[in-house]
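> The structure file structure.pdb (PDB, C-alpha atoms, pLDDT in the B column) is provided below.
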ATOM      1  CA  MET A 614      11.087  -6.066 -59.639  1.00 65.00           C
ATOM      2  CA  ILE A 615      11.568  -5.588 -55.906  1.00 67.00           C
ATOM      3  CA  VAL A 616      14.785  -3.799 -55.007  1.00 59.00           C
ATOM      4  CA  PRO A 617      16.138  -4.826 -51.618  1.00 62.00           C
ATOM      5  CA  GLU A 618      16.202  -2.029 -49.088  1.00 68.00           C
ATOM      6  CA  THR A 619      19.612  -0.748 -48.011  1.00 68.00           C
ATOM      7  CA  PRO A 620      20.040  -0.988 -44.240  1.00 73.00           C
ATOM      8  CA  PRO A 621      20.258   2.350 -42.420  1.00 84.00           C
ATOM      9  CA  THR A 622      23.758   3.687 -41.885  1.00 89.00           C
ATOM     10  CA  PRO A 623      24.836   3.048 -38.294  1.00 94.00           C
ATOM     11  CA  THR A 624      26.598   5.702 -36.264  1.00 96.00           C
ATOM     12  CA  LEU A 625      30.364   5.490 -35.975  1.00 98.00           C
ATOM     13  CA  TYR A 626      29.761   4.728 -32.292  1.00 98.00           C
ATOM     14  CA  ASP A 627      27.640   1.679 -33.099  1.00 97.00           C
ATOM     15  CA  TRP A 628      29.924   0.538 -35.911  1.00 97.00           C
ATOM     16  CA  ALA A 629      32.952   0.727 -33.588  1.00 98.00           C
ATOM     17  CA  GLY A 630      31.221  -1.513 -31.050  1.00 98.00           C
ATOM     18  CA  GLY A 631      29.762   1.050 -28.642  1.00 98.00           C
ATOM     19  CA  ARG A 632      30.972   2.006 -25.202  1.00 97.00           C
ATOM     20  CA  GLU A 633      32.652  -1.331 -24.478  1.00 98.00           C
ATOM     21  CA  ALA A 634      34.847  -1.115 -27.587  1.00 98.00           C
ATOM     22  CA  LEU A 635      35.812   2.499 -26.917  1.00 98.00           C
ATOM     23  CA  VAL A 636      36.741   1.781 -23.289  1.00 98.00           C
ATOM     24  CA  ARG A 637      38.831  -1.190 -24.487  1.00 98.00           C
ATOM     25  CA  LEU A 638      40.523   1.029 -27.101  1.00 98.00           C
ATOM     26  CA  LEU A 639      41.345   3.818 -24.680  1.00 97.00           C
ATOM     27  CA  THR A 640      42.481   1.496 -21.887  1.00 97.00           C
ATOM     28  CA  ILE A 641      44.982  -0.070 -24.286  1.00 98.00           C
ATOM     29  CA  PHE A 642      45.976   3.340 -25.632  1.00 97.00           C
ATOM     30  CA  TYR A 643      46.668   4.988 -22.264  1.00 96.00           C
ATOM     31  CA  ARG A 644      48.659   1.962 -21.122  1.00 96.00           C
ATOM     32  CA  HIS A 645      50.954   2.585 -24.116  1.00 97.00           C
ATOM     33  CA  VAL A 646      50.981   6.340 -23.487  1.00 96.00           C
ATOM     34  CA  LEU A 647      52.335   5.790 -19.974  1.00 95.00           C
ATOM     35  CA  GLU A 648      55.169   3.696 -21.461  1.00 96.00           C
ATOM     36  CA  ASP A 649      56.034   6.353 -24.051  1.00 97.00           C
ATOM     37  CA  PRO A 650      58.836   8.783 -23.099  1.00 97.00           C
ATOM     38  CA  LEU A 651      57.397  11.583 -25.264  1.00 97.00           C
ATOM     39  CA  LEU A 652      53.801  11.352 -24.005  1.00 96.00           C
ATOM     40  CA  GLU A 653      54.168  10.025 -20.469  1.00 95.00           C
ATOM     41  CA  PRO A 654      55.025  13.465 -18.995  1.00 93.00           C
ATOM     42  CA  VAL A 655      51.822  14.928 -20.478  1.00 89.00           C
ATOM     43  CA  PHE A 656      49.645  12.214 -18.911  1.00 91.00           C
ATOM     44  CA  ARG A 657      51.588  11.518 -15.707  1.00 90.00           C
ATOM     45  CA  GLY A 658      49.228  11.515 -12.741  1.00 90.00           C
ATOM     46  CA  MET A 659      46.057  11.236 -14.839  1.00 87.00           C
ATOM     47  CA  ASP A 660      42.833  10.226 -13.149  1.00 91.00           C
ATOM     48  CA  PRO A 661      42.487   6.420 -12.969  1.00 91.00           C
ATOM     49  CA  HIS A 662      39.180   6.771 -14.866  1.00 92.00           C
ATOM     50  CA  HIS A 663      40.662   8.927 -17.636  1.00 92.00           C
ATOM     51  CA  ALA A 664      40.281   6.242 -20.325  1.00 94.00           C
ATOM     52  CA  GLU A 665      36.601   5.817 -19.443  1.00 95.00           C
ATOM     53  CA  HIS A 666      35.995   9.595 -19.546  1.00 94.00           C
ATOM     54  CA  VAL A 667      37.655   9.906 -22.947  1.00 95.00           C
ATOM     55  CA  ALA A 668      35.597   6.925 -24.163  1.00 97.00           C
ATOM     56  CA  VAL A 669      32.450   8.835 -23.156  1.00 96.00           C
ATOM     57  CA  TRP A 670      33.736  11.878 -25.089  1.00 95.00           C
ATOM     58  CA  LEU A 671      34.588   9.866 -28.178  1.00 97.00           C
ATOM     59  CA  GLY A 672      31.282   8.037 -27.935  1.00 97.00           C
ATOM     60  CA  GLU A 673      29.345  11.303 -28.035  1.00 97.00           C
ATOM     61  CA  VAL A 674      31.490  12.643 -30.885  1.00 97.00           C
ATOM     62  CA  PHE A 675      30.817   9.459 -32.867  1.00 98.00           C
ATOM     63  CA  GLY A 676      27.035   9.643 -32.461  1.00 97.00           C
ATOM     64  CA  GLY A 677      26.529   7.768 -29.209  1.00 97.00           C
ATOM     65  CA  PRO A 678      24.802   9.033 -26.074  1.00 96.00           C
ATOM     66  CA  ALA A 679      25.362  12.690 -25.128  1.00 95.00           C
ATOM     67  CA  ASP A 680      26.805  11.614 -21.778  1.00 94.00           C
ATOM     68  CA  TYR A 681      29.931  13.775 -21.943  1.00 90.00           C
ATOM     69  CA  SER A 682      27.777  16.866 -22.320  1.00 89.00           C
ATOM     70  CA  GLY A 683      25.374  15.622 -19.659  1.00 89.00           C
ATOM     71  CA  SER A 684      27.830  14.399 -17.017  1.00 90.00           C
ATOM     72  CA  HIS A 685      31.340  15.603 -17.776  1.00 86.00           C
ATOM     73  CA  GLY A 686      31.025  19.278 -18.680  1.00 86.00           C
ATOM     74  CA  GLY A 687      30.788  19.095 -22.464  1.00 85.00           C
ATOM     75  CA  HIS A 688      33.072  20.810 -24.924  1.00 84.00           C
ATOM     76  CA  ALA A 689      34.136  23.531 -22.467  1.00 85.00           C
ATOM     77  CA  HIS A 690      35.483  20.902 -20.067  1.00 86.00           C
ATOM     78  CA  MET A 691      37.402  19.093 -22.807  1.00 87.00           C
ATOM     79  CA  ILE A 692      38.944  22.339 -24.026  1.00 86.00           C
ATOM     80  CA  GLY A 693      39.844  23.227 -20.441  1.00 84.00           C
ATOM     81  CA  ARG A 694      41.809  19.986 -20.122  1.00 84.00           C
ATOM     82  CA  HIS A 695      44.143  21.227 -22.867  1.00 85.00           C
ATOM     83  CA  LEU A 696      44.585  24.915 -22.035  1.00 84.00           C
ATOM     84  CA  GLY A 697      48.181  25.880 -21.279  1.00 84.00           C
ATOM     85  CA  ARG A 698      49.627  22.405 -21.826  1.00 87.00           C
ATOM     86  CA  GLY A 699      51.798  23.461 -24.758  1.00 91.00           C
ATOM     87  CA  ILE A 700      51.297  20.258 -26.743  1.00 93.00           C
ATOM     88  CA  THR A 701      53.938  19.990 -29.449  1.00 95.00           C
ATOM     89  CA  GLU A 702      53.489  18.787 -33.008  1.00 97.00           C
ATOM     90  CA  GLU A 703      55.758  15.833 -32.221  1.00 97.00           C
ATOM     91  CA  GLN A 704      53.553  14.855 -29.267  1.00 97.00           C
ATOM     92  CA  ARG A 705      50.435  15.266 -31.395  1.00 97.00           C
ATOM     93  CA  ARG A 706      51.786  12.969 -34.101  1.00 98.00           C
ATOM     94  CA  ARG A 707      52.837  10.344 -31.543  1.00 98.00           C
ATOM     95  CA  TRP A 708      49.396  10.544 -29.866  1.00 97.00           C
ATOM     96  CA  VAL A 709      47.659   9.919 -33.219  1.00 98.00           C
ATOM     97  CA  SER A 710      50.051   7.107 -34.143  1.00 98.00           C
ATOM     98  CA  LEU A 711      49.626   5.305 -30.812  1.00 98.00           C
ATOM     99  CA  LEU A 712      45.851   5.648 -30.984  1.00 98.00           C
ATOM    100  CA  LEU A 713      45.742   4.201 -34.491  1.00 98.00           C
ATOM    101  CA  ASP A 714      47.903   1.284 -33.301  1.00 98.00           C
ATOM    102  CA  ALA A 715      45.629   0.822 -30.274  1.00 98.00           C
ATOM    103  CA  ALA A 716      42.622   0.623 -32.624  1.00 98.00           C
ATOM    104  CA  ASP A 717      44.261  -2.385 -34.274  1.00 98.00           C
ATOM    105  CA  GLU A 718      45.107  -3.947 -30.919  1.00 98.00           C
ATOM    106  CA  ALA A 719      41.558  -3.355 -29.623  1.00 98.00           C
ATOM    107  CA  GLU A 720      40.210  -4.920 -32.827  1.00 98.00           C
ATOM    108  CA  LEU A 721      38.112  -1.942 -33.851  1.00 98.00           C
ATOM    109  CA  PRO A 722      36.635  -2.360 -37.329  1.00 97.00           C
ATOM    110  CA  GLY A 723      39.305  -2.304 -40.011  1.00 96.00           C
ATOM    111  CA  ASP A 724      37.146  -1.354 -42.981  1.00 94.00           C
ATOM    112  CA  PRO A 725      38.423   1.650 -44.941  1.00 94.00           C
ATOM    113  CA  GLU A 726      35.344   3.790 -44.344  1.00 95.00           C
ATOM    114  CA  PHE A 727      35.500   3.475 -40.549  1.00 97.00           C
ATOM    115  CA  ARG A 728      39.252   3.915 -40.399  1.00 97.00           C
ATOM    116  CA  ALA A 729      39.032   7.019 -42.620  1.00 96.00           C
ATOM    117  CA  ALA A 730      36.448   8.542 -40.287  1.00 97.00           C
ATOM    118  CA  PHE A 731      38.420   7.529 -37.182  1.00 98.00           C
ATOM    119  CA  ALA A 732      41.754   8.837 -38.496  1.00 97.00           C
ATOM    120  CA  GLY A 733      40.079  12.002 -39.775  1.00 97.00           C
ATOM    121  CA  TYR A 734      38.715  12.800 -36.330  1.00 97.00           C
ATOM    122  CA  LEU A 735      42.060  12.060 -34.645  1.00 98.00           C
ATOM    123  CA  GLU A 736      43.879  14.403 -37.030  1.00 97.00           C
ATOM    124  CA  TRP A 737      41.283  17.168 -36.710  1.00 95.00           C
ATOM    125  CA  GLY A 738      40.849  16.909 -32.943  1.00 94.00           C
ATOM    126  CA  SER A 739      44.549  16.606 -32.151  1.00 95.00           C
ATOM    127  CA  ARG A 740      45.377  19.662 -34.265  1.00 95.00           C
ATOM    128  CA  LEU A 741      42.758  21.628 -32.319  1.00 93.00           C
ATOM    129  CA  ALA A 742      44.309  20.368 -29.083  1.00 93.00           C
ATOM    130  CA  VAL A 743      47.670  21.817 -30.180  1.00 94.00           C
ATOM    131  CA  ILE A 744      46.013  25.154 -30.979  1.00 91.00           C
ATOM    132  CA  PHE A 745      43.995  25.218 -27.735  1.00 91.00           C
ATOM    133  CA  SER A 746      47.040  24.263 -25.656  1.00 90.00           C
ATOM    134  CA  ALA A 747      49.236  27.076 -26.987  1.00 92.00           C
ATOM    135  CA  PRO A 748      50.153  29.940 -24.652  1.00 93.00           C
ATOM    136  CA  GLY A 749      47.491  32.640 -24.744  1.00 91.00           C
ATOM    137  CA  ALA A 750      44.931  30.536 -26.638  1.00 88.00           C
ATOM    138  CA  GLN A 751      41.360  31.700 -26.144  1.00 89.00           C
ATOM    139  CA  PRO A 752      39.067  29.081 -27.694  1.00 87.00           C
ATOM    140  CA  ASP A 753      35.294  29.488 -27.688  1.00 85.00           C
ATOM    141  CA  LEU A 754      34.130  27.527 -24.654  1.00 83.00           C
ATOM    142  CA  HIS A 755      30.486  27.694 -25.720  1.00 86.00           C
ATOM    143  CA  GLU A 756      30.699  25.383 -28.712  1.00 87.00           C
ATOM    144  CA  PRO A 757      28.889  22.041 -28.492  1.00 89.00           C
ATOM    145  CA  VAL A 758      30.669  18.701 -28.555  1.00 91.00           C
ATOM    146  CA  PRO A 759      31.532  18.101 -32.225  1.00 92.00           C
ATOM    147  CA  ARG A 760      29.705  15.358 -34.096  1.00 95.00           C
ATOM    148  CA  TRP A 761      31.782  13.247 -36.459  1.00 95.00           C
ATOM    149  CA  ASP A 762      30.277  11.182 -39.233  1.00 95.00           C
ATOM    150  CA  TRP A 763      31.213   8.961 -42.110  1.00 94.00           C
ATOM    151  CA  PRO A 764      33.116  10.521 -45.012  1.00 89.00           C
ATOM    152  CA  ARG A 765      31.381   7.776 -46.978  1.00 83.00           C
ATOM    153  CA  PRO A 766      28.959   5.256 -45.439  1.00 83.00           C
ATOM    154  CA  PRO A 767      30.323   1.761 -44.949  1.00 84.00           C
ATOM    155  CA  TRP A 768      29.479  -0.819 -47.538  1.00 78.00           C
ATOM    156  CA  GLN A 769      26.845  -3.204 -46.270  1.00 73.00           C
ATOM    157  CA  PRO A 770      25.102  -5.978 -48.157  1.00 71.00           C
ATOM    158  CA  PRO A 771      21.485  -5.223 -49.052  1.00 72.00           C
ATOM    159  CA  ALA A 772      18.897  -6.452 -46.575  1.00 67.00           C
ATOM    160  CA  PRO A 773      17.250  -9.720 -47.656  1.00 64.00           C
TER     161      PRO A 773
END
Produce structure tokens that represent the structure in this file.

Amino acid sequence: MIVPETPPTPTLYDWAGGREALVRLLTIFYRHVLEDPLLEPVFRGMDPHHAEHVAVWLGEVFGGPADYSGSHGGHAHMIGRHLGRGITEEQRRRWVSLLLDAADEAELPGDPEFRAAFAGYLEWGSRLAVIFSAPGAQPDLHEPVPRWDWPRPPWQPPAP
């Protein structure tokens, strides 16, 4: 009996739809952020290419090209963007909530495995942002960009 081969597990980056999907997600998200009275002051005056830069970050975190490390300063740069900002728990929760809503609006995959991985990273990363943004925080600037993976691979039909 020949058992069909299971297709290889794609990266979260590929499953999400790659760079194009992440740029779409973050463009939608930051449009909502600038309309939000709690978050707008944190992002007021952001670079017009901010959504694209964050898409490059998220792409690398989710297993895509290492372009944030190669062209944007890596983990140290991302941490530096949060130092001294004093992000509150209320702002963190709103940021996560708006990003999850933007994922629906951007039509990112809705399967439970992807959404669990996506939400898990948002919770983890946003909690670190609160810690790193606190007065006197001294995070390790020499850590690599984190790599996020599936908590459980997505179900896929066996290859024919």
> Suppose you want the space between CA of Met659 in chain A and CA of Asp627 in chain A; what is it in Å?
27.6 Å
> For the structure shown, which residues end up in the PyMOL selection byres ((chain A and resi 751) around 12)? Put them as JSON, numbers by chain, please?
{"A": [689, 692, 693, 695, 696, 697, 741, 744, 745, 746, 747, 748, 749, 750, 752, 753, 754, 755]}
> So which residues touch Glu665 in chain A within 12 Å, counting all atoms listed in the file, skipping near sequence neighbours fewer than 5 positions away, as a list in words?
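My list of contacting residues is Arg632, Glu633, Ala634, Leu635, Val636, Arg637, Leu638, Leu639, Thr640, Ile641, Phe642, Tyr643, Met659, Asp660, Trp670, Leu671, Gly672, Asp680, Tyr681 and His685 of chain A.
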> Could you check the closest approach to Pro766 in chain A for each of A:Val674, A:Ala730, A:Ala742, A:Leu735 and tell me which residue wins, using all atoms listed in the file?
A:Ala730
> Find, counting all atoms listed in the file, the residue in A:Arg694, A:Gly738, A:Glu726, A:Gln704 that gets nearest to His663 in chain A.
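Under the stated criterion, the closest residue is A:Arg694.
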> I'd like the contact shell of Leu652 in chain A - 8 Å cut-off, all atoms listed in the file, skipping same-chain residues fewer than 5 positions apart - returned as number ranges by chain.
A: 646-647, 704, 707-708
> For the provided coordinates, the residues matched by the PyMOL selection byres ((chain A and resi 677) around 8) should be stated as a list of chain:residue names.
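So the PyMOL selection byres ((chain A and resi 677) around 8) ends up selecting A:Thr624, A:Tyr626, A:Asp627, A:Gly631, A:Gly672, A:Glu673, A:Val674, A:Phe675, A:Gly676, A:Pro678, A:Ala679.
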> For Asp724 in chain A, which residue among A:Gln769, A:Val667, A:Pro654, A:Asp762 is the nearest when counting only C-alpha atoms?
A:Gln769
> I'd like to know which of A:Leu651, A:Tyr734, A:Ala664, A:His645 is closest to Asp714 in chain A, using only C-alpha atoms.
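Smallest separation from Asp714 in chain A among the options: A:His645.
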> Env of Phe731 in chain A: 10 Å cut, atoms = all atoms listed in the file, seq-sep filter 2 positions within chain, self excluded. Answer as a PyMOL selection string.
chain A and resi 625+629+675+712-713+716+725-729+733-736+761-764
> Would you compute the distance between CA of Phe656 in chain A and CA of Gly723 in chain A? Give it in Å to one decimal.
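So the two atoms, CA of Phe656 in chain A and CA of Gly723 in chain A, lie 27.6 Å apart.
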> Pick out the closest residue to Val758 in chain A from this set: A:Pro770, A:Gly683, A:Gly699, A:Pro722. Count all atoms listed in the file.
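Of the candidates, the smallest distance to Val758 in chain A is held by A:Gly683.
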> Can you work out the spacing between CA of His666 in chain A and CA of His688 in chain A in Å, to one decimal?
12.8 Å
> Counting all atoms listed in the file, figure out which residue out of A:Pro621, A:Pro661, A:Pro759, A:Pro771 gets nearest to Met691 in chain A.
A:Pro759
> Specify the axis-aligned box that encloses all atoms of range 622-637 of chain A listed in the file after padding of 3 Å on each side, stating its centre and edge lengths in Å to one decimal as JSON.

{"center_x": 31.3, "center_y": 2.1, "center_z": -32.6, "size_x": 21.1, "size_y": 13.2, "size_z": 24.6}
